[in-house]
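Engineer: Submitted below is the structure of interest, expressed as structure tokens.
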Amino acid sequence: QVQLVESGGGLVQAGGSLRLSCAASRSIPSISRMGWFRQAPGKRRELVATITSSGSTNYEDSVKGRFTISRDNAKNTVYLQMNSLKPEDTAVYYCNLYLLGKDYWGQGTQVTVSS
């Protein structure tokens, strides 16, 4: 079993930046994929960005050019640098680990962007 612990959410004005972190409770095998999803009130959870152990990344269209996902395999940690934040980015952000056909989720961290 793996626990994921997120940190770094908060309240920021539009145009500002936040950095989210997600630490895994144990070493993550190199075959895993990590990522961030978000869920706004009344909406379905959606993918924000993913990164493989080799560093290949994938982004949702609305965050391309503004968000950057990165990973430190030695620290079992994934990051999401969010710049030029918009009110529509407001959501609970969830860390995700996909490993051997199973999804693991963090508890979520709230990001609120005021206009």
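Simple scheme: letters A, B, ... for chains in structure tokens order, numbers from 1 for residues in each chain, numbers from 1 for ligands in the order shown.
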Which residues are near Met82 (chain A)? Cut-off 6 Å, only C-alpha atoms, ignore same chain within fewer than 4 positions. Put them as a list in words.

Structural biologist: Ser17, Leu18, Arg19 and Phe67 of chain A

Engineer: Using the selection just defined, write its residues with N, CA, C and O atoms as a JSON list (two decimals), in the first residue's frame.

Structural biologist:
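This went into result.json:
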[["chain", "number", "residue", "atom", "x", "y", "z"],
["A", 17, "SER", "N", 1.00, 32.50, -8.56],
["A", 17, "SER", "CA", 1.60, 31.17, -8.71],
["A", 17, "SER", "C", 1.48, 30.38, -7.42],
["A", 17, "SER", "O", 1.43, 30.95, -6.32],
["A", 18, "LEU", "N", 1.42, 29.08, -7.57],
["A", 18, "LEU", "CA", 1.47, 28.14, -6.45],
["A", 18, "LEU", "C", 2.26, 26.91, -6.90],
["A", 18, "LEU", "O", 2.30, 26.59, -8.10],
["A", 19, "ARG", "N", 2.87, 26.24, -5.92],
["A", 19, "ARG", "CA", 3.57, 24.99, -6.21],
["A", 19, "ARG", "C", 3.02, 23.91, -5.31],
["A", 19, "ARG", "O", 3.09, 24.02, -4.08],
["A", 67, "PHE", "N", 1.32, 25.48, -16.48],
["A", 67, "PHE", "CA", 1.65, 24.52, -15.43],
["A", 67, "PHE", "C", 2.82, 23.65, -15.89],
["A", 67, "PHE", "O", 2.95, 23.33, -17.06]]

Engineer: Env of Cys95 (chain A): 9 Å cut, atoms = only C-alpha atoms, seq-sep filter 6 positions within chain, self excluded. Answer as a PyMOL selection string.

Structural biologist: chain A and resi 4-6+21-23+34-38+78+104-109

Engineer: Using only N, CA and C atoms, please write the residues we just selected to a file, as a tab-separated table (two decimals), in the first residue's frame.

Structural biologist:
chain	number	residue	atom	x	y	z
A	4	LEU	N	-0.18	8.83	-0.32
A	4	LEU	CA	0.28	10.04	-0.99
A	4	LEU	C	-0.17	11.24	-0.17
A	5	VAL	N	0.75	12.14	0.10
A	5	VAL	CA	0.45	13.31	0.92
A	5	VAL	C	0.76	14.58	0.13
A	6	GLU	N	-0.30	15.38	-0.11
A	6	GLU	CA	-0.13	16.61	-0.88
A	6	GLU	C	0.07	17.80	0.05
A	21	SER	N	3.08	19.94	-3.99
A	21	SER	CA	3.99	18.81	-3.81
A	21	SER	C	3.19	17.58	-3.38
A	22	CYS	N	3.68	16.43	-3.77
A	22	CYS	CA	3.04	15.16	-3.37
A	22	CYS	C	4.14	14.16	-3.07
A	23	ALA	N	4.18	13.72	-1.82
A	23	ALA	CA	5.20	12.77	-1.41
A	23	ALA	C	4.59	11.40	-1.18
A	34	MET	N	2.98	9.13	-12.36
A	34	MET	CA	2.40	10.00	-11.34
A	34	MET	C	1.76	11.20	-12.01
A	35	GLY	N	0.84	11.82	-11.31
A	35	GLY	CA	0.16	12.94	-11.93
A	35	GLY	C	-0.72	13.72	-10.97
A	36	TRP	N	-1.37	14.71	-11.52
A	36	TRP	CA	-2.30	15.56	-10.79
A	36	TRP	C	-3.63	15.61	-11.52
A	37	PHE	N	-4.69	15.51	-10.74
A	37	PHE	CA	-6.05	15.67	-11.23
A	37	PHE	C	-6.69	16.78	-10.40
A	38	ARG	N	-7.81	17.30	-10.87
A	38	ARG	CA	-8.53	18.31	-10.10
A	38	ARG	C	-10.03	18.13	-10.26
A	78	VAL	N	6.36	14.21	-6.49
A	78	VAL	CA	5.97	14.86	-7.74
A	78	VAL	C	5.51	16.27	-7.41
A	104	TYR	N	-3.75	5.06	-7.02
A	104	TYR	CA	-3.65	5.52	-5.64
A	104	TYR	C	-3.87	7.03	-5.65
A	105	TRP	N	-4.57	7.53	-4.61
A	105	TRP	CA	-4.93	8.95	-4.56
A	105	TRP	C	-4.52	9.57	-3.24
A	106	GLY	N	-4.12	10.85	-3.32
A	106	GLY	CA	-3.93	11.62	-2.11
A	106	GLY	C	-5.26	12.14	-1.60
A	107	GLN	N	-5.22	12.87	-0.49
A	107	GLN	CA	-6.44	13.35	0.14
A	107	GLN	C	-6.95	14.63	-0.51
A	108	GLY	N	-6.15	15.25	-1.33
A	108	GLY	CA	-6.55	16.46	-2.02
A	108	GLY	C	-6.11	17.72	-1.29
A	109	THR	N	-5.84	18.76	-2.07
A	109	THR	CA	-5.48	20.06	-1.50
A	109	THR	C	-6.23	21.14	-2.28

Engineer: If you measure from CA of Ala74 (chain A) to CA of Gln1 (chain A), what distance in Å do you get, rounded to one decimal?

Structural biologist: 18.7 Å

Engineer: Pick the closest to Glu88 (chain A) from A:Gln39, A:Ser70, A:Ser53, A:Gln3: which is it, counting only C-alpha atoms?

Structural biologist: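 Smallest separation from Glu88 (chain A) among the options: A:Gln39.
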
Engineer: In terms of the shortest atom-to-atom distance over only C-alpha atoms, which of A:Ala49, A:Leu11, A:Ile28, A:Val111 is closest to Tyr93 (chain A)?

Structural biologist: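 Nearest candidate to Tyr93 (chain A) out of A:Ala49, A:Leu11, A:Ile28, A:Val111: A:Val111.
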
Engineer: A:Ser32, A:Val113, A:Lys86, A:Gly15: which is nearest Gly101 (chain A), counting only C-alpha atoms?

Structural biologist: A:Ser32

Engineer: In chain A, what's helix (DSSP H, G or I) per DSSP? Answer as a list in words?

Structural biologist: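 These are the residues in question: Asp61, Ser62, Val63, Asn73, Ala74, Lys75, Pro87, Glu88 and Asp89 of chain A.
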
Engineer: What does the distance from CA of Ala40 (chain A) to CA of Thr57 (chain A) come to in Å, to one decimal?

Structural biologist: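 Pair CA of Ala40 (chain A) / CA of Thr57 (chain A) returns 22.8 Å.
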
Engineer: I'd like the neighbourhood of Asn76 (chain A) as a list in words, where a residue qualifies if any of its atoms comes within 8 Å (using only C-alpha atoms), though same-chain residues fewer than 5 positions away should be ignored.

Structural biologist: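 In the requested format, the answer is Ala23, Ala24, Ser25, Arg26, Ser27, Ile28 and Arg71 of chain A.
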
Engineer: Those same residues, written as a PDB file, in the first residue's frame with all heavy atoms?

Structural biologist:
ATOM      1  N   ALA A  23       4.182  13.724  -1.819  1.00  0.00           N
ATOM      2  CA  ALA A  23       5.200  12.773  -1.406  1.00  0.00           C
ATOM      3  C   ALA A  23       4.587  11.399  -1.179  1.00  0.00           C
ATOM      4  O   ALA A  23       3.553  11.275  -0.502  1.00  0.00           O
ATOM      5  CB  ALA A  23       5.872  13.257  -0.129  1.00  0.00           C
ATOM      6  N   ALA A  24       5.210  10.386  -1.719  1.00  0.00           N
ATOM      7  CA  ALA A  24       4.763   9.006  -1.511  1.00  0.00           C
ATOM      8  C   ALA A  24       5.409   8.437  -0.260  1.00  0.00           C
ATOM      9  O   ALA A  24       6.520   8.816   0.107  1.00  0.00           O
ATOM     10  CB  ALA A  24       5.122   8.155  -2.711  1.00  0.00           C
ATOM     11  N   SER A  25       4.685   7.521   0.381  1.00  0.00           N
ATOM     12  CA  SER A  25       5.144   6.986   1.667  1.00  0.00           C
ATOM     13  C   SER A  25       6.268   5.978   1.541  1.00  0.00           C
ATOM     14  O   SER A  25       6.898   5.621   2.540  1.00  0.00           O
ATOM     15  CB  SER A  25       3.961   6.342   2.407  1.00  0.00           C
ATOM     16  OG  SER A  25       3.419   5.288   1.628  1.00  0.00           O
ATOM     17  N   ARG A  26       6.511   5.501   0.320  1.00  0.00           N
ATOM     18  CA  ARG A  26       7.609   4.566   0.123  1.00  0.00           C
ATOM     19  C   ARG A  26       8.154   4.726  -1.281  1.00  0.00           C
ATOM     20  O   ARG A  26       7.598   5.463  -2.098  1.00  0.00           O
ATOM     21  CB  ARG A  26       7.145   3.130   0.365  1.00  0.00           C
ATOM     22  CG  ARG A  26       6.084   2.619  -0.602  1.00  0.00           C
ATOM     23  CD  ARG A  26       5.852   1.135  -0.379  1.00  0.00           C
ATOM     24  NE  ARG A  26       4.846   0.550  -1.245  1.00  0.00           N
ATOM     25  CZ  ARG A  26       5.074   0.140  -2.481  1.00  0.00           C
ATOM     26  NH1 ARG A  26       6.270   0.284  -3.012  1.00  0.00           N
ATOM     27  NH2 ARG A  26       4.096  -0.405  -3.191  1.00  0.00           N
ATOM     28  N   SER A  27       9.198   4.028  -1.562  1.00  0.00           N
ATOM     29  CA  SER A  27       9.843   4.099  -2.866  1.00  0.00           C
ATOM     30  C   SER A  27       8.877   3.665  -3.960  1.00  0.00           C
ATOM     31  O   SER A  27       8.166   2.663  -3.805  1.00  0.00           O
ATOM     32  CB  SER A  27      11.076   3.216  -2.869  1.00  0.00           C
ATOM     33  OG  SER A  27      11.708   3.258  -4.129  1.00  0.00           O
ATOM     34  N   ILE A  28       8.869   4.441  -5.020  1.00  0.00           N
ATOM     35  CA  ILE A  28       7.965   4.168  -6.138  1.00  0.00           C
ATOM     36  C   ILE A  28       8.733   3.464  -7.248  1.00  0.00           C
ATOM     37  O   ILE A  28       9.751   3.971  -7.701  1.00  0.00           O
ATOM     38  CB  ILE A  28       7.353   5.465  -6.679  1.00  0.00           C
ATOM     39  CG1 ILE A  28       6.617   6.197  -5.557  1.00  0.00           C
ATOM     40  CG2 ILE A  28       6.431   5.177  -7.845  1.00  0.00           C
ATOM     41  CD1 ILE A  28       5.498   5.390  -4.948  1.00  0.00           C
ATOM     42  N   ARG A  71       9.217  15.635 -11.343  1.00  0.00           N
ATOM     43  CA  ARG A  71       9.268  14.461 -10.466  1.00  0.00           C
ATOM     44  C   ARG A  71      10.689  14.276  -9.963  1.00  0.00           C
ATOM     45  O   ARG A  71      11.645  14.387 -10.735  1.00  0.00           O
ATOM     46  CB  ARG A  71       8.798  13.243 -11.276  1.00  0.00           C
ATOM     47  CG  ARG A  71       8.852  11.916 -10.602  1.00  0.00           C
ATOM     48  CD  ARG A  71       8.169  10.897 -11.507  1.00  0.00           C
ATOM     49  NE  ARG A  71       8.276   9.548 -10.961  1.00  0.00           N
ATOM     50  CZ  ARG A  71       7.570   8.519 -11.373  1.00  0.00           C
ATOM     51  NH1 ARG A  71       6.689   8.674 -12.345  1.00  0.00           N
ATOM     52  NH2 ARG A  71       7.729   7.328 -10.844  1.00  0.00           N
TER      53      ARG A  71
END

Engineer: Give me, as a PyMOL selection string, the residues of chain A that a backbone DSSP run labels strand (DSSP E).

Structural biologist: chain A and resi 4-7+10-13+18-24+33-39+46-52+57-59+67-72+77-82+91-99+102-105+109-114

Engineer: Compile the contact shell of Val12 (chain A) as a PyMOL selection string: residues with an atom at most 7 Å away, counting only C-alpha atoms, same-chain residues fewer than 2 positions apart removed.

Structural biologist: chain A and resi 10+14+16+112-114

Engineer: Of the residues A:Lys64, A:Lys102, A:Val2, A:Arg33, which is the one nearest to Thr50 (chain A), using only C-alpha atoms?

Structural biologist: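 Using only C-alpha atoms, the shortest distance to Thr50 (chain A) belongs to A:Arg33.
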
Engineer: May I ask which of the residues A:Asn58, A:Val63, A:Gly9, A:Leu20 is the closest one to Tyr79 (chain A), counting only C-alpha atoms?

Structural biologist: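 Result for the nearest residue to Tyr79 (chain A): A:Leu20.
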
Engineer: Report the distance between CA of Thr52 (chain A) and CA of Asp89 (chain A) in Å, rounded to one decimal place.

Structural biologist: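 So the two atoms, CA of Thr52 (chain A) and CA of Asp89 (chain A), lie 23.5 Å apart.
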
Engineer: Could you check which of A:Asn73, A:Ser115, A:Asn83, A:Gln110 is closest to Ser54 (chain A), using only C-alpha atoms?

Structural biologist: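 Counting only C-alpha atoms, the residue closest to Ser54 (chain A) is A:Asn73.
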